[in-house]
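Listing of structure35.cif; format and content: mmCIF, C-alpha atoms.
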data_data
#
loop_
_atom_site.group_PDB
_atom_site.id
_atom_site.type_symbol
_atom_site.label_atom_id
_atom_site.label_comp_id
_atom_site.auth_asym_id
_atom_site.auth_seq_id
_atom_site.Cartn_x
_atom_site.Cartn_y
_atom_site.Cartn_z
ATOM 1 C CA MET A 144 91.062 -8.509 156.274
ATOM 2 C CA LYS A 145 91.520 -5.284 154.348
ATOM 3 C CA ASN A 146 89.118 -2.450 154.971
ATOM 4 C CA ALA A 147 87.049 -1.351 152.016
ATOM 5 C CA LYS A 148 87.509 2.215 151.023
ATOM 6 C CA HIS A 149 84.619 4.593 151.516
ATOM 7 C CA SER A 150 82.307 4.512 148.507
ATOM 8 C CA GLU A 151 80.676 7.747 147.440
ATOM 9 C CA LEU A 152 77.071 6.823 146.730
ATOM 10 C CA ASN A 153 74.482 8.721 144.729
ATOM 11 C CA ILE A 154 71.476 9.099 147.008
ATOM 12 C CA ALA A 155 68.035 10.495 146.160
ATOM 13 C CA VAL A 156 65.760 12.048 148.807
ATOM 14 C CA LEU A 157 61.974 11.978 148.583
ATOM 15 C CA THR A 158 59.763 13.920 150.975
ATOM 16 C CA VAL A 159 56.161 12.734 151.080
ATOM 17 C CA SER A 160 53.871 15.478 152.352
ATOM 18 C CA ASP A 161 50.563 17.146 151.626
ATOM 19 C CA SER A 162 51.548 20.268 153.555
ATOM 20 C CA ARG A 163 55.297 20.919 153.165
ATOM 21 C CA GLY A 164 57.030 22.888 150.489
ATOM 22 C CA GLU A 165 60.790 23.211 150.036
ATOM 23 C CA LYS A 166 61.094 25.874 152.759
ATOM 24 C CA GLN A 167 59.293 23.751 155.372
ATOM 25 C CA ASP A 168 61.004 20.476 154.469
ATOM 26 C CA SER A 169 63.252 20.207 157.520
ATOM 27 C CA SER A 170 63.434 16.391 157.409
ATOM 28 C CA GLY A 171 64.412 16.363 153.731
ATOM 29 C CA HIS A 172 66.980 19.100 154.354
ATOM 30 C CA PHE A 173 68.419 17.112 157.271
ATOM 31 C CA LEU A 174 68.816 14.013 155.090
ATOM 32 C CA VAL A 175 70.530 15.985 152.312
ATOM 33 C CA GLU A 176 72.964 17.533 154.782
ATOM 34 C CA ALA A 177 73.608 14.189 156.508
ATOM 35 C CA LEU A 178 74.336 12.283 153.300
ATOM 36 C CA ARG A 179 76.688 15.012 152.094
ATOM 37 C CA ASP A 180 78.458 15.106 155.481
ATOM 38 C CA ALA A 181 78.990 11.340 155.095
ATOM 39 C CA GLY A 182 80.727 11.882 151.743
ATOM 40 C CA HIS A 183 77.860 10.945 149.428
ATOM 41 C CA LYS A 184 76.321 12.873 146.534
ATOM 42 C CA LEU A 185 72.726 14.048 146.237
ATOM 43 C CA ALA A 186 71.329 12.444 143.075
ATOM 44 C CA ASP A 187 67.956 14.208 143.258
ATOM 45 C CA LYS A 188 65.484 15.661 145.765
ATOM 46 C CA VAL A 189 61.737 15.730 145.244
ATOM 47 C CA ILE A 190 58.647 16.549 147.324
ATOM 48 C CA VAL A 191 55.388 14.785 146.386
ATOM 49 C CA ARG A 192 51.892 14.669 147.815
ATOM 50 C CA ASP A 193 51.051 11.594 149.864
ATOM 51 C CA ASP A 194 49.634 9.718 146.902
ATOM 52 C CA ILE A 195 50.495 6.091 146.190
ATOM 53 C CA TYR A 196 50.986 6.614 142.467
ATOM 54 C CA GLN A 197 53.019 9.817 142.704
ATOM 55 C CA ILE A 198 55.326 8.194 145.272
ATOM 56 C CA ARG A 199 55.633 5.018 143.219
ATOM 57 C CA ALA A 200 56.338 6.953 140.000
ATOM 58 C CA VAL A 201 59.238 8.910 141.497
ATOM 59 C CA VAL A 202 60.772 5.884 143.232
ATOM 60 C CA SER A 203 60.326 3.725 140.099
ATOM 61 C CA ARG A 204 62.189 6.308 138.024
ATOM 62 C CA TRP A 205 65.059 6.402 140.518
ATOM 63 C CA ILE A 206 65.455 2.633 140.858
ATOM 64 C CA ALA A 207 65.521 2.356 137.060
ATOM 65 C CA GLU A 208 68.440 4.807 136.874
ATOM 66 C CA ALA A 209 71.856 3.123 137.089
ATOM 67 C CA ASP A 210 73.393 6.078 138.900
ATOM 68 C CA VAL A 211 71.006 6.110 141.900
ATOM 69 C CA ASP A 212 72.353 3.795 144.589
ATOM 70 C CA ALA A 213 70.006 4.583 147.466
ATOM 71 C CA VAL A 214 66.703 6.323 148.115
ATOM 72 C CA LEU A 215 65.776 7.989 151.401
ATOM 73 C CA ILE A 216 62.050 8.599 151.845
ATOM 74 C CA THR A 217 60.673 10.734 154.661
ATOM 75 C CA GLY A 218 56.976 10.885 155.445
ATOM 76 C CA GLY A 219 53.827 8.887 154.847
ATOM 77 C CA THR A 220 54.674 6.008 157.193
ATOM 78 C CA GLY A 221 52.024 6.560 159.861
ATOM 79 C CA PHE A 222 48.420 5.384 160.135
ATOM 80 C CA SER A 223 46.373 8.344 158.945
ATOM 81 C CA GLY A 224 44.244 7.955 155.853
ATOM 82 C CA ARG A 225 46.857 9.871 153.844
ATOM 83 C CA ASP A 226 49.894 7.814 154.937
ATOM 84 C CA ASN A 227 50.645 5.747 151.846
ATOM 85 C CA THR A 228 54.413 5.299 151.592
ATOM 86 C CA PRO A 229 54.503 1.578 152.575
ATOM 87 C CA GLU A 230 51.700 0.765 150.133
ATOM 88 C CA ALA A 231 53.458 2.713 147.381
ATOM 89 C CA VAL A 232 56.938 1.206 147.693
ATOM 90 C CA THR A 233 56.395 -2.348 148.964
ATOM 91 C CA PRO A 234 55.334 -3.674 145.518
ATOM 92 C CA LEU A 235 58.605 -2.313 144.106
ATOM 93 C CA PHE A 236 60.830 -4.281 146.501
ATOM 94 C CA ASP A 237 62.718 -7.328 145.287
ATOM 95 C CA LYS A 238 63.676 -8.013 148.914
ATOM 96 C CA LEU A 239 62.329 -6.578 152.146
ATOM 97 C CA ILE A 240 64.847 -5.559 154.824
ATOM 98 C CA GLU A 241 62.762 -6.679 157.815
ATOM 99 C CA GLY A 242 65.316 -5.643 160.422
ATOM 100 C CA PHE A 243 65.241 -1.952 159.477
ATOM 101 C CA GLY A 244 61.752 -1.266 160.797
ATOM 102 C CA GLU A 245 62.328 -3.409 163.860
ATOM 103 C CA VAL A 246 65.583 -1.709 164.841
ATOM 104 C CA PHE A 247 64.256 1.764 163.977
ATOM 105 C CA ARG A 248 61.279 1.263 166.312
ATOM 106 C CA ALA A 249 63.586 -0.045 169.069
ATOM 107 C CA LEU A 250 65.793 3.046 168.771
ATOM 108 C CA SER A 251 62.764 5.310 168.525
ATOM 109 C CA HIS A 252 61.203 3.764 171.643
ATOM 110 C CA ASP A 253 64.058 5.197 173.701
ATOM 111 C CA GLU A 254 63.111 8.652 172.398
ATOM 112 C CA ILE A 255 59.301 8.678 172.118
ATOM 113 C CA GLY A 256 58.135 5.649 174.086
ATOM 114 C CA SER A 257 55.185 3.577 172.978
ATOM 115 C CA SER A 258 54.221 6.053 170.246
ATOM 116 C CA THR A 259 56.851 4.324 168.116
ATOM 117 C CA VAL A 260 54.364 1.531 167.360
ATOM 118 C CA GLN A 261 52.606 4.012 165.061
ATOM 119 C CA SER A 262 55.603 4.070 162.717
ATOM 120 C CA ARG A 263 55.512 1.832 159.675
ATOM 121 C CA ALA A 264 59.160 2.545 158.828
ATOM 122 C CA LEU A 265 60.482 -0.010 156.362
ATOM 123 C CA ALA A 266 63.266 -0.682 153.882
ATOM 124 C CA GLY A 267 64.005 -2.912 150.952
ATOM 125 C CA LEU A 268 66.086 -3.544 147.858
ATOM 126 C CA ALA A 269 64.781 -2.885 144.353
ATOM 127 C CA ASN A 270 66.929 -3.307 141.249
ATOM 128 C CA ASN A 271 70.121 -3.161 143.350
ATOM 129 C CA THR A 272 68.989 0.100 144.958
ATOM 130 C CA VAL A 273 68.418 0.273 148.702
ATOM 131 C CA ILE A 274 65.337 2.211 149.829
ATOM 132 C CA PHE A 275 64.797 3.445 153.386
ATOM 133 C CA CYS A 276 61.350 4.781 154.396
ATOM 134 C CA MET A 277 61.198 6.882 157.569
ATOM 135 C CA PRO A 278 58.600 8.961 159.383
ATOM 136 C CA GLY A 279 58.337 12.614 158.383
ATOM 137 C CA SER A 280 59.729 14.214 161.520
ATOM 138 C CA THR A 281 63.280 15.516 161.508
ATOM 139 C CA GLY A 282 63.904 13.691 164.795
ATOM 140 C CA ALA A 283 62.842 10.370 163.272
ATOM 141 C CA CYS A 284 65.098 10.956 160.262
ATOM 142 C CA ARG A 285 67.984 11.784 162.583
ATOM 143 C CA THR A 286 67.356 8.583 164.575
ATOM 144 C CA ALA A 287 67.222 6.458 161.420
ATOM 145 C CA TRP A 288 70.281 8.077 159.832
ATOM 146 C CA ASN A 289 72.510 8.068 162.912
ATOM 147 C CA GLY A 290 71.332 4.716 164.256
ATOM 148 C CA LEU A 291 71.162 2.666 161.062
ATOM 149 C CA ILE A 292 71.413 4.185 157.614
ATOM 150 C CA ARG A 293 74.759 6.008 157.832
ATOM 151 C CA ASP A 294 76.628 2.808 158.720
ATOM 152 C CA GLN A 295 74.772 0.655 156.223
ATOM 153 C CA LEU A 296 75.738 3.038 153.395
ATOM 154 C CA ASP A 297 79.408 3.010 154.433
ATOM 155 C CA GLY A 298 81.487 0.404 152.597
ATOM 156 C CA SER A 299 83.959 0.263 155.474
ATOM 157 C CA HIS A 300 81.352 -0.579 158.142
ATOM 158 C CA ARG A 301 81.825 -4.040 159.681
ATOM 159 C CA PRO A 302 80.784 -6.739 159.835
ATOM 160 C CA CYS A 303 78.496 -5.896 156.900
ATOM 161 C CA ASN A 304 76.833 -3.113 154.927
ATOM 162 C CA PHE A 305 74.687 -2.659 151.830
ATOM 163 C CA VAL A 306 77.328 -1.091 149.567
ATOM 164 C CA GLY A 307 78.346 -4.487 148.203
ATOM 165 C CA VAL A 308 74.816 -5.316 147.029
ATOM 166 C CA LEU A 309 74.158 -2.012 145.299
ATOM 167 C CA GLY A 310 74.507 -1.944 141.490
ATOM 168 C CA THR A 311 77.532 -3.599 139.911
ATOM 169 C CA ARG A 312 79.461 -0.314 139.714
ATOM 170 C CA LYS A 313 79.477 0.107 143.505
ATOM 171 C CA ALA A 314 79.964 -3.585 144.242
ATOM 172 C CA SER A 315 83.176 -3.574 142.210
ATOM 173 C CA GLU A 316 84.595 -0.782 144.413
ATOM 174 C CA VAL A 317 84.470 -2.992 147.514
ATOM 175 C CA GLN A 318 87.501 -5.187 148.181
ATOM 176 C CA PRO A 319 86.763 -8.833 147.254
ATOM 177 C CA ASP A 320 87.358 -10.108 150.805
ATOM 178 C CA VAL A 321 84.780 -7.773 152.361
ATOM 179 C CA THR A 322 81.563 -9.223 153.685
ATOM 180 C CA ALA A 323 78.748 -7.136 152.264
ATOM 181 C CA GLY A 324 75.036 -7.441 152.676
ATOM 182 C CA PRO A 325 72.987 -8.910 155.462
ATOM 183 C CA VAL A 326 74.575 -11.503 157.719
ATOM 184 C CA PRO A 327 72.951 -14.907 156.994
#
Could the structure of this file be written out as structure tokens, please?
Amino acid sequence: MKNAKHSELNIAVLTVSDSRGEKQDSSGHFLVEALRDAGHKLADKVIVRDDIYQIRAVVSRWIAEADVDAVLITGGTGFSGRDNTPEAVTPLFDKLIEGFGEVFRALSHDEIGSSTVQSRALAGLANNTVIFCMPGSTGACRTAWNGLIRDQLDGSHRPCNFVGVLGTRKASEVQPDVTAGPVP
């Protein structure tokens, strides 16, 4: 089997926070640096209040754009009254990636113990765009990126990755004999 070449993806970063501005956005800054270090391009970066409709509006715009392949969302995944990211993005998903939240919480348990059950991290596909929703801490973003997301956005990762199911432009860059997408 031939290895697929690395695909440079266009990735948007959304920070959901009622209290952080650009200077205090350490989790968003980490994600931007990590995606660039992995050879991807930053498509856009936005900070919004933890409001269902503001979150949904930004994500809807990005998934409608043909040149946004992935969206990384940090914040709003807890249980406080202002944590609305899952409620905002779930209606947008064409398919839920159930394993993301499960594996994230397993990895996180090694770092923060039982407090990981308070994370509602989730992921899904919408209009051939993959969306990953993580807690707002930089440590949680690091865990999600290093433990899951980086490999799943790498077209050469085996046995499978999400590059082959992202928009037709990216899918055509993957060698035809490459298994892409979730393993059945």
> So which one's closest to Gly267 in chain A, A:Gly182, A:Gly242, A:Pro302, A:Gly224? Using all atoms listed in the file, please.
Replying inline: A:Gly242
>> Just to confirm, what's the straight-line distance from CA of Val159 in chain A to CA of Ser257 in chain A in Å (one decimal)?
In response: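 Value for the CA of Val159 in chain A-CA of Ser257 in chain A distance: 23.8 Å.
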Neighbours of point (52.3, 1.4, 164.4) within 10 Å, using only C-alpha atoms, written as a CSV table (one decimal) with C-alpha atoms, in the coordinates of the input:
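Output saved as part-v9.csv:
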chain,number,residue,atom,x,y,z
A,220,THR,CA,54.7,6.0,157.2
A,221,GLY,CA,52.0,6.6,159.9
A,222,PHE,CA,48.4,5.4,160.1
A,248,ARG,CA,61.3,1.3,166.3
A,257,SER,CA,55.2,3.6,173.0
A,258,SER,CA,54.2,6.1,170.2
A,259,THR,CA,56.9,4.3,168.1
A,260,VAL,CA,54.4,1.5,167.4
A,261,GLN,CA,52.6,4.0,165.1
A,262,SER,CA,55.6,4.1,162.7
A,263,ARG,CA,55.5,1.8,159.7
A,264,ALA,CA,59.2,2.5,158.8
> So which residues fall inside 12 Å of (68.1, 11.6, 161.4) if we count all atoms listed in the file? Mind giving them as a ChimeraX atom specification?
Replying inline: /A:169-178,215-217,247,250-251,275-293
For the provided coordinates, the residues matched by the PyMOL selection byres ((chain A and resi 189-195) around 8) should be stated as a tab-separated table (two decimals) with C-alpha atoms, keeping the file's coordinate frame.
chain	number	residue	atom	x	y	z
A	156	VAL	CA	65.76	12.05	148.81
A	157	LEU	CA	61.97	11.98	148.58
A	158	THR	CA	59.76	13.92	150.98
A	159	VAL	CA	56.16	12.73	151.08
A	160	SER	CA	53.87	15.48	152.35
A	161	ASP	CA	50.56	17.15	151.63
A	164	GLY	CA	57.03	22.89	150.49
A	165	GLU	CA	60.79	23.21	150.04
A	187	ASP	CA	67.96	14.21	143.26
A	188	LYS	CA	65.48	15.66	145.76
A	196	TYR	CA	50.99	6.61	142.47
A	197	GLN	CA	53.02	9.82	142.70
A	198	ILE	CA	55.33	8.19	145.27
A	199	ARG	CA	55.63	5.02	143.22
A	219	GLY	CA	53.83	8.89	154.85
A	225	ARG	CA	46.86	9.87	153.84
A	226	ASP	CA	49.89	7.81	154.94
A	227	ASN	CA	50.64	5.75	151.85
A	228	THR	CA	54.41	5.30	151.59
A	230	GLU	CA	51.70	0.76	150.13
A	231	ALA	CA	53.46	2.71	147.38
> Separation of CA of Ala269 in chain A and CA of Ile206 in chain A, in Å?
Replying inline: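 Separation between CA of Ala269 in chain A and CA of Ile206 in chain A: 6.6 Å.
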>> What's around Ala186 in chain A at 10 Å? Count all atoms listed in the file, leave out sequence neighbours fewer than 3 positions away in its own chain, and write the answer as a ChimeraX atom specification.
In response: /A:152-156,175,183,205,210-214
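Going from CA of Glu241 in chain A to CA of His300 in chain A covers 19.6 Å.
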> Using all atoms listed in the file, which of A:Lys184, A:Arg163, A:Arg179, A:Lys238 sits nearest Val273 in chain A?
Replying inline: A:Lys238
3 Å per side around range 267-272 of chain A: axis-aligned box centre and edge lengths, as AutoDock Vina command-line options:
--center_x 67.1 --center_y -1.7 --center_z 146.1 --size_x 12.1 --size_y 9.6 --size_z 15.7
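What the PyMOL selection byres ((chain A and resi 237) around 10) grabs from this file is Thr233, Pro234, Leu235, Phe236, Lys238, Leu239, Ile240, Gly267, Leu268, Ala269, Asn270, Asn271 and Thr272 of chain A.
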>> Need to verify the contact set: Gln295 in chain A, 8 Å, all atoms listed in the file, exclusion of same-chain residues closer than 6 positions in sequence. Can you return it as a list in words?
In response: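 Non-adjacent residues within range: Cys303, Asn304, Phe305 and Val306 of chain A.
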